[in-house]
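See structure below.
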Amino acid sequence: MYTDYLSLIVEVSVTVYVFLLGLPILVNQIFLPEDLRRMSRKNYAANLINQLLVLTVLLLLIILTAYPRTLFWLIPFPPEQIPGRELLITLLFFLMLFSTLAFLYIHLIRSQGYRAKVVHIIKKKLLDSYRKTGKLDRAYLDDIEYLGIYSKGGAETRIVIQALEEILQNLKVDTTPGKNDDNLIQLVEILCNSVANSTEPGSRSNMIEVLAAYKDILMSLKMQSTPDNPLIYGNETRKVKDCTFKIALASLKKDYSDMMPRVLNVLSLIPGSSDKLFDIGLLALEKKQFQVATNVLSEMMDRDNQDAVTMNNYIGLIARFSFSGQAARQCARRSLERNGVAMSGKMLKEAYGYHYNLCNFETAGLIAQLDAAGSSGA
Amino acid sequence: MNAYKVLWIEDDADSDLYHLASPVYIEGNYHLDIASNASEAFFYLNERRYDIIIVDIRIPPGRNPEWLSRYEELQRKNNANSSRLGLELLRRIFGENGNKPSLRVAQNLAAARYGVFTVERLEELKADLTELNLTSLKYKRKNAMMPHTALLEFIREISEGIPNGVY
């Protein structure tokens, strides 16, 4: 009877343990999103090993207590019952059982809002790597980017955006002259991919959040710029410019036309952004959003947005306006008057060449038509 | 390229109230910058020269830690101004408690360039504006029935009131 009881306890313990061997896989499946499990180079379930270790020790203790003579033949245990052995093995068994239940409970609780928790873990790891090495661990960046791209628009993507924003706040902008701030560039790109390249239906509010983050980055770069080290002209700004345009394209594809003023608002902070302003103006004209197109025309000539090719882009947009109906033509004429721009043949030829070289053939063609109309005095 | 530079501090400027901006753009006389919160407004005012500055009274703090903490501090005290950060912005610009005005761009310190465009009634603001010695500030009330040219008209009104023109 006594030996039967011990054997039963050992058998049940081994069964529980065998079940537990499958726990990491189970927990992994509950805890980690499938996409992350598939591609991640990082292990997010390291703590499971510790839990298994605790239970392994408990199982070994149960077996050792149950069969001391068999296992420790060198040690002269008396053949009769060790006092309290039955009590001890029962205690160990219940300890193992409660540990198992506790671990399962913890994991079930953790499985609630698991995406936010994984994002939080990745954010922490990224900040740790930044504090230790001054760089953001690429593998974790890949993971958070993956989560951003495969998150559902709205609350899920917001979790990723907020984590990235928190990392941005902790990031010290690298002000070394002539050096790119790779950390910042990577974060800008991930923010963009989370809303513009997402496989899920995108959310307008997520795009607005990212544009607001970009505005903050630009303001920070501008404030840290000095005449000797004009950070605002660096590759970080160029990345923000490209990403803003990508978001603009994505928002237009999703018919979030009311995003354009916000896009414009960000671009107006970027020096030398007349090329992207031109592209936005063109998109707006194509979508018949004349209000946005008109704003772009005005913004392009803003004294804070001057660059070497502003006039070429401005003339290109003027040409587009001129062939978009009577009212748009009137608006173009008014813009020329107000800005004191007299379109000379040389200016038109230069603009034509610029757009031709960029393969903006339609715009180049319209500039040529403007030139021809001007030459014939029409 | 002698357009007037206008800063419009308004959190709904690029959403619900965007239709008000359109006549300003189409007029061709103005280059409009939009700041949608106190942090952005303070940044623009310190970075760019403006001929006309339109301030909304109810604006969010934005993400600048300084403005965020000011906002939280006011909220903790249950201060009505926690939602009226536009007033706090004016306080910061024109100096409070005997402090000197704090903007880097001197041109933006001329009170004549400022106008308040808000849903709040003038009576509600009078005490604060008097305290700031800004009673002469131009004021226009926002409402649901205002014409789409309301902003443009207000900009014109302010520009006419600036001694020696805008420049």
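Residue numbers start at 1 in each chain; chains themselves are named A, B, ... in the order of the structure tokens; ligands are numbered from 1 in the order shown.
For range 103-108 of chain B, the set of protein, DNA and RNA residues having any atom at most 12 Å away, when counting only C-alpha atoms and skipping those fewer than 6 positions along the same chain, is Met223 of chain A; Lys5, Val6, Leu7, Ala41, Phe42, Phe43, Tyr44, Leu45, Asn46, Glu47, Arg48, Arg49, Tyr50, Asp51, Ile52, Ile53, Ile54, Leu89, Leu90, Arg91, Arg92, Ile93, Phe94, Gly95, Tyr114, Val166 and Tyr167 of chain B.
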**Study point:** Distance-based interface of chain B with chain A, 7 Å, counting only C-alpha atoms, as a PyMOL selection string
**Key:** chain B and resi 1-2+14-15+22+25-26+28-29+31+34
Store the residues picked out above in a file with N, CA and C atoms, as a CSV table (one decimal), in the first residue's frame.
```csv
chain,number,residue,atom,x,y,z
B,1,MET,N,7.5,88.3,-54.3
B,1,MET,CA,7.3,87.4,-53.2
B,1,MET,C,7.1,88.2,-51.9
B,2,ASN,N,6.2,89.2,-51.9
B,2,ASN,CA,6.1,90.1,-50.7
B,2,ASN,C,4.8,89.8,-50.0
B,14,ASP,N,-6.2,72.3,-39.4
B,14,ASP,CA,-6.0,71.5,-40.5
B,14,ASP,C,-7.1,70.3,-40.6
B,15,SER,N,-8.2,70.5,-39.9
B,15,SER,CA,-9.3,69.6,-39.9
B,15,SER,C,-10.6,70.3,-40.1
B,22,SER,N,-8.8,78.3,-46.7
B,22,SER,CA,-8.8,78.4,-48.2
B,22,SER,C,-8.8,79.8,-48.8
B,25,TYR,N,-5.4,81.4,-48.5
B,25,TYR,CA,-4.5,80.9,-49.5
B,25,TYR,C,-4.8,81.5,-50.9
B,26,ILE,N,-6.0,81.4,-51.3
B,26,ILE,CA,-6.4,81.8,-52.6
B,26,ILE,C,-6.2,83.4,-52.9
B,28,GLY,N,-3.8,85.0,-52.1
B,28,GLY,CA,-2.4,85.1,-52.7
B,28,GLY,C,-1.5,86.1,-51.9
B,29,ASN,N,-2.1,86.9,-51.0
B,29,ASN,CA,-1.4,87.9,-50.3
B,29,ASN,C,-0.7,87.3,-49.0
B,31,HIS,N,1.1,84.0,-46.7
B,31,HIS,CA,1.6,82.7,-46.5
B,31,HIS,C,1.2,82.3,-45.1
B,34,ILE,N,0.4,77.0,-39.9
B,34,ILE,CA,-0.6,76.5,-38.9
B,34,ILE,C,0.1,75.8,-37.8
```
Exercise for review: To one decimal in Å, tell me the separation between CA of Tyr105 in chain A and CA of Gln51 in chain A.
Suggested key: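 Between CA of Tyr105 in chain A and CA of Gln51 in chain A the gap is 12.8 Å.
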Practice item. List every residue of chain B that DSSP, applied to the backbone of this structure, assigns to strand (DSSP E), and report them as number ranges by chain. Key: B: 4-9, 30-35, 52-55, 114-118, 138-141
Using N, CA and C atoms, can you write the selected residues to a file as a PDB file, in the first residue's frame?
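Okay, this is what ended up in selection.pdb:
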```pdb
ATOM      1  N   TYR B   4       2.351  88.507 -46.993  1.00  0.00           N
ATOM      2  CA  TYR B   4       2.422  88.609 -45.535  1.00  0.00           C
ATOM      3  C   TYR B   4       2.509  87.218 -44.937  1.00  0.00           C
ATOM      4  N   LYS B   5       3.288  87.127 -43.906  1.00  0.00           N
ATOM      5  CA  LYS B   5       3.450  85.835 -43.241  1.00  0.00           C
ATOM      6  C   LYS B   5       2.506  85.783 -42.038  1.00  0.00           C
ATOM      7  N   VAL B   6       1.641  84.779 -42.053  1.00  0.00           N
ATOM      8  CA  VAL B   6       0.625  84.687 -40.997  1.00  0.00           C
ATOM      9  C   VAL B   6       0.795  83.369 -40.239  1.00  0.00           C
ATOM     10  N   LEU B   7       0.728  83.454 -38.927  1.00  0.00           N
ATOM     11  CA  LEU B   7       0.703  82.224 -38.118  1.00  0.00           C
ATOM     12  C   LEU B   7      -0.689  82.094 -37.510  1.00  0.00           C
ATOM     13  N   TRP B   8      -1.309  80.952 -37.763  1.00  0.00           N
ATOM     14  CA  TRP B   8      -2.639  80.694 -37.187  1.00  0.00           C
ATOM     15  C   TRP B   8      -2.485  79.576 -36.162  1.00  0.00           C
ATOM     16  N   ILE B   9      -2.694  79.922 -34.920  1.00  0.00           N
ATOM     17  CA  ILE B   9      -2.566  78.932 -33.831  1.00  0.00           C
ATOM     18  C   ILE B   9      -3.967  78.383 -33.542  1.00  0.00           C
ATOM     19  N   TYR B  30      -1.058  86.117 -48.681  1.00  0.00           N
ATOM     20  CA  TYR B  30      -0.622  85.611 -47.375  1.00  0.00           C
ATOM     21  C   TYR B  30       0.019  84.230 -47.475  1.00  0.00           C
ATOM     22  N   HIS B  31       1.064  84.046 -46.682  1.00  0.00           N
ATOM     23  CA  HIS B  31       1.621  82.704 -46.499  1.00  0.00           C
ATOM     24  C   HIS B  31       1.227  82.263 -45.109  1.00  0.00           C
ATOM     25  N   LEU B  32       0.520  81.165 -45.056  1.00  0.00           N
ATOM     26  CA  LEU B  32      -0.069  80.757 -43.782  1.00  0.00           C
ATOM     27  C   LEU B  32       0.699  79.591 -43.175  1.00  0.00           C
ATOM     28  N   ASP B  33       1.097  79.741 -41.915  1.00  0.00           N
ATOM     29  CA  ASP B  33       1.633  78.618 -41.138  1.00  0.00           C
ATOM     30  C   ASP B  33       0.587  78.254 -40.105  1.00  0.00           C
ATOM     31  N   ILE B  34       0.435  76.960 -39.884  1.00  0.00           N
ATOM     32  CA  ILE B  34      -0.557  76.530 -38.906  1.00  0.00           C
ATOM     33  C   ILE B  34       0.145  75.813 -37.752  1.00  0.00           C
ATOM     34  N   ALA B  35      -0.120  76.273 -36.541  1.00  0.00           N
ATOM     35  CA  ALA B  35       0.403  75.580 -35.351  1.00  0.00           C
ATOM     36  C   ALA B  35      -0.803  74.992 -34.623  1.00  0.00           C
ATOM     37  N   ILE B  52       1.479  88.685 -38.946  1.00  0.00           N
ATOM     38  CA  ILE B  52       0.205  88.606 -38.226  1.00  0.00           C
ATOM     39  C   ILE B  52       0.139  87.262 -37.497  1.00  0.00           C
ATOM     40  N   ILE B  53      -0.329  87.296 -36.262  1.00  0.00           N
ATOM     41  CA  ILE B  53      -0.418  86.055 -35.471  1.00  0.00           C
ATOM     42  C   ILE B  53      -1.834  85.933 -34.897  1.00  0.00           C
ATOM     43  N   ILE B  54      -2.510  84.873 -35.257  1.00  0.00           N
ATOM     44  CA  ILE B  54      -3.886  84.662 -34.790  1.00  0.00           C
ATOM     45  C   ILE B  54      -3.852  83.549 -33.731  1.00  0.00           C
ATOM     46  N   VAL B  55      -4.368  83.851 -32.560  1.00  0.00           N
ATOM     47  CA  VAL B  55      -4.278  82.882 -31.457  1.00  0.00           C
ATOM     48  C   VAL B  55      -5.671  82.376 -31.071  1.00  0.00           C
ATOM     49  N   TYR B 114      -1.011  90.767 -33.118  1.00  0.00           N
ATOM     50  CA  TYR B 114      -1.773  89.618 -32.589  1.00  0.00           C
ATOM     51  C   TYR B 114      -3.278  89.827 -32.660  1.00  0.00           C
ATOM     52  N   GLY B 115      -3.967  88.720 -32.854  1.00  0.00           N
ATOM     53  CA  GLY B 115      -5.417  88.734 -32.782  1.00  0.00           C
ATOM     54  C   GLY B 115      -5.893  87.464 -32.095  1.00  0.00           C
ATOM     55  N   VAL B 116      -6.999  87.555 -31.376  1.00  0.00           N
ATOM     56  CA  VAL B 116      -7.548  86.373 -30.704  1.00  0.00           C
ATOM     57  C   VAL B 116      -8.797  85.933 -31.454  1.00  0.00           C
ATOM     58  N   PHE B 117      -8.792  84.696 -31.903  1.00  0.00           N
ATOM     59  CA  PHE B 117      -9.893  84.142 -32.689  1.00  0.00           C
ATOM     60  C   PHE B 117     -10.347  82.880 -31.957  1.00  0.00           C
ATOM     61  N   THR B 118     -11.439  83.013 -31.218  1.00  0.00           N
ATOM     62  CA  THR B 118     -11.783  81.926 -30.298  1.00  0.00           C
ATOM     63  C   THR B 118     -13.296  81.808 -30.084  1.00  0.00           C
ATOM     64  N   LYS B 138      -6.821  92.655 -30.970  1.00  0.00           N
ATOM     65  CA  LYS B 138      -8.007  92.452 -31.816  1.00  0.00           C
ATOM     66  C   LYS B 138      -8.658  91.126 -31.418  1.00  0.00           C
ATOM     67  N   TYR B 139      -9.987  91.123 -31.474  1.00  0.00           N
ATOM     68  CA  TYR B 139     -10.712  89.921 -31.039  1.00  0.00           C
ATOM     69  C   TYR B 139     -11.805  89.584 -32.044  1.00  0.00           C
ATOM     70  N   LYS B 140     -11.965  88.301 -32.312  1.00  0.00           N
ATOM     71  CA  LYS B 140     -13.087  87.850 -33.146  1.00  0.00           C
ATOM     72  C   LYS B 140     -13.569  86.525 -32.573  1.00  0.00           C
ATOM     73  N   ARG B 141     -14.890  86.394 -32.525  1.00  0.00           N
ATOM     74  CA  ARG B 141     -15.434  85.168 -31.935  1.00  0.00           C
ATOM     75  C   ARG B 141     -15.768  84.159 -33.028  1.00  0.00           C
TER      76      ARG B 141
END
```
Practice item. Within range 52-104 of chain B, find each residue whose DSSP state, derived from the backbone, is alpha helix (DSSP H), and express the selection as a list of chain:residue names. Key: B:Pro65, B:Glu66, B:Trp67, B:Leu68, B:Ser69, B:Arg70, B:Tyr71, B:Glu72, B:Glu73, B:Leu74, B:Gln75, B:Arg76, B:Leu85, B:Gly86, B:Leu87, B:Glu88, B:Leu89, B:Leu90, B:Arg91, B:Arg92, B:Ile93, B:Phe94
Glu124 in chain B surroundings by only C-alpha atoms, 12 Å radius, close-in-sequence under 5 positions cut, as a short mmCIF file (atom, residue, chain, number, x, y, z; two decimals) with N, CA and C atoms, in the first residue's frame:
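The resulting file, selection.cif, is reproduced below:
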```cif
data_model
loop_
_atom_site.label_atom_id
_atom_site.label_comp_id
_atom_site.auth_asym_id
_atom_site.auth_seq_id
_atom_site.Cartn_x
_atom_site.Cartn_y
_atom_site.Cartn_z
N ILE B 57 -7.75 80.39 -28.10
CA ILE B 57 -7.52 80.31 -26.64
C ILE B 57 -7.49 78.86 -26.16
N ALA B 80 -9.07 76.82 -14.57
CA ALA B 80 -9.82 76.89 -15.83
C ALA B 80 -8.88 77.08 -17.02
N ASN B 81 -7.71 77.67 -16.76
CA ASN B 81 -6.78 77.93 -17.85
C ASN B 81 -6.08 76.67 -18.38
N ARG B 84 -7.23 76.51 -21.49
CA ARG B 84 -7.07 77.78 -22.23
C ARG B 84 -5.57 78.10 -22.34
N LEU B 87 -4.07 81.45 -23.64
CA LEU B 87 -3.78 82.53 -22.69
C LEU B 87 -2.41 82.35 -22.05
N THR B 118 -11.44 83.01 -31.22
CA THR B 118 -11.78 81.93 -30.30
C THR B 118 -13.30 81.81 -30.08
N VAL B 119 -13.69 80.71 -29.48
CA VAL B 119 -15.12 80.54 -29.17
C VAL B 119 -15.48 81.25 -27.86
N LEU B 129 -6.65 89.31 -20.10
CA LEU B 129 -6.03 90.23 -21.06
C LEU B 129 -5.63 91.54 -20.39
N THR B 130 -6.46 91.97 -19.44
CA THR B 130 -6.12 93.21 -18.70
C THR B 130 -4.85 92.99 -17.88
N ARG B 141 -14.89 86.39 -32.52
CA ARG B 141 -15.43 85.17 -31.94
C ARG B 141 -15.77 84.16 -33.03
#
```
Practice item. Would you mind listing what lies within 12 Å of Pro163 in chain B as a ChimeraX atom specification, with only C-alpha atoms counted and same-chain residues fewer than 3 positions away left out? Key: /B:51,110-113,158-160,166-167
Exercise for review: For Ile9 in chain A, please output as a VMD selection string all residues within 8 Å (counting only C-alpha atoms; exclusion window: fewer than 5 positions along the same chain).
Suggested key: chain A and resid 89 to 90 93
Review point. When you draw a straight line from CA of Gly272 in chain A to CA of Ile232 in chain A, how long is it in Å?
Key: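 One can read the CA of Gly272 in chain A to CA of Ile232 in chain A distance as 10.3 Å.
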Exercise for review: May I have the residues within 7 Å of Pro60 in chain B as a VMD selection string, using only C-alpha atoms and disregarding those fewer than 6 positions away in the same chain?
Suggested key: chain B and resid 37 to 38 85
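Excluding Glu72 in chain B and any residue on its chain fewer than 2 positions from it, the residues at most 12 Å away by only C-alpha atoms are Pro60, Pro61, Gly62, Pro65, Glu66, Trp67, Leu68, Ser69, Arg70, Leu74, Gln75, Arg76, Lys77, Asn78, Asn79, Ala80, Asn81, Ser82, Ser83 and Leu85 of chain B.
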Point to revise | Computed interatomic separation between CA of Lys179 in chain A and CA of His120 in chain A (Å) | key: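 Going from CA of Lys179 in chain A over to CA of His120 in chain A, I get 29.9 Å.
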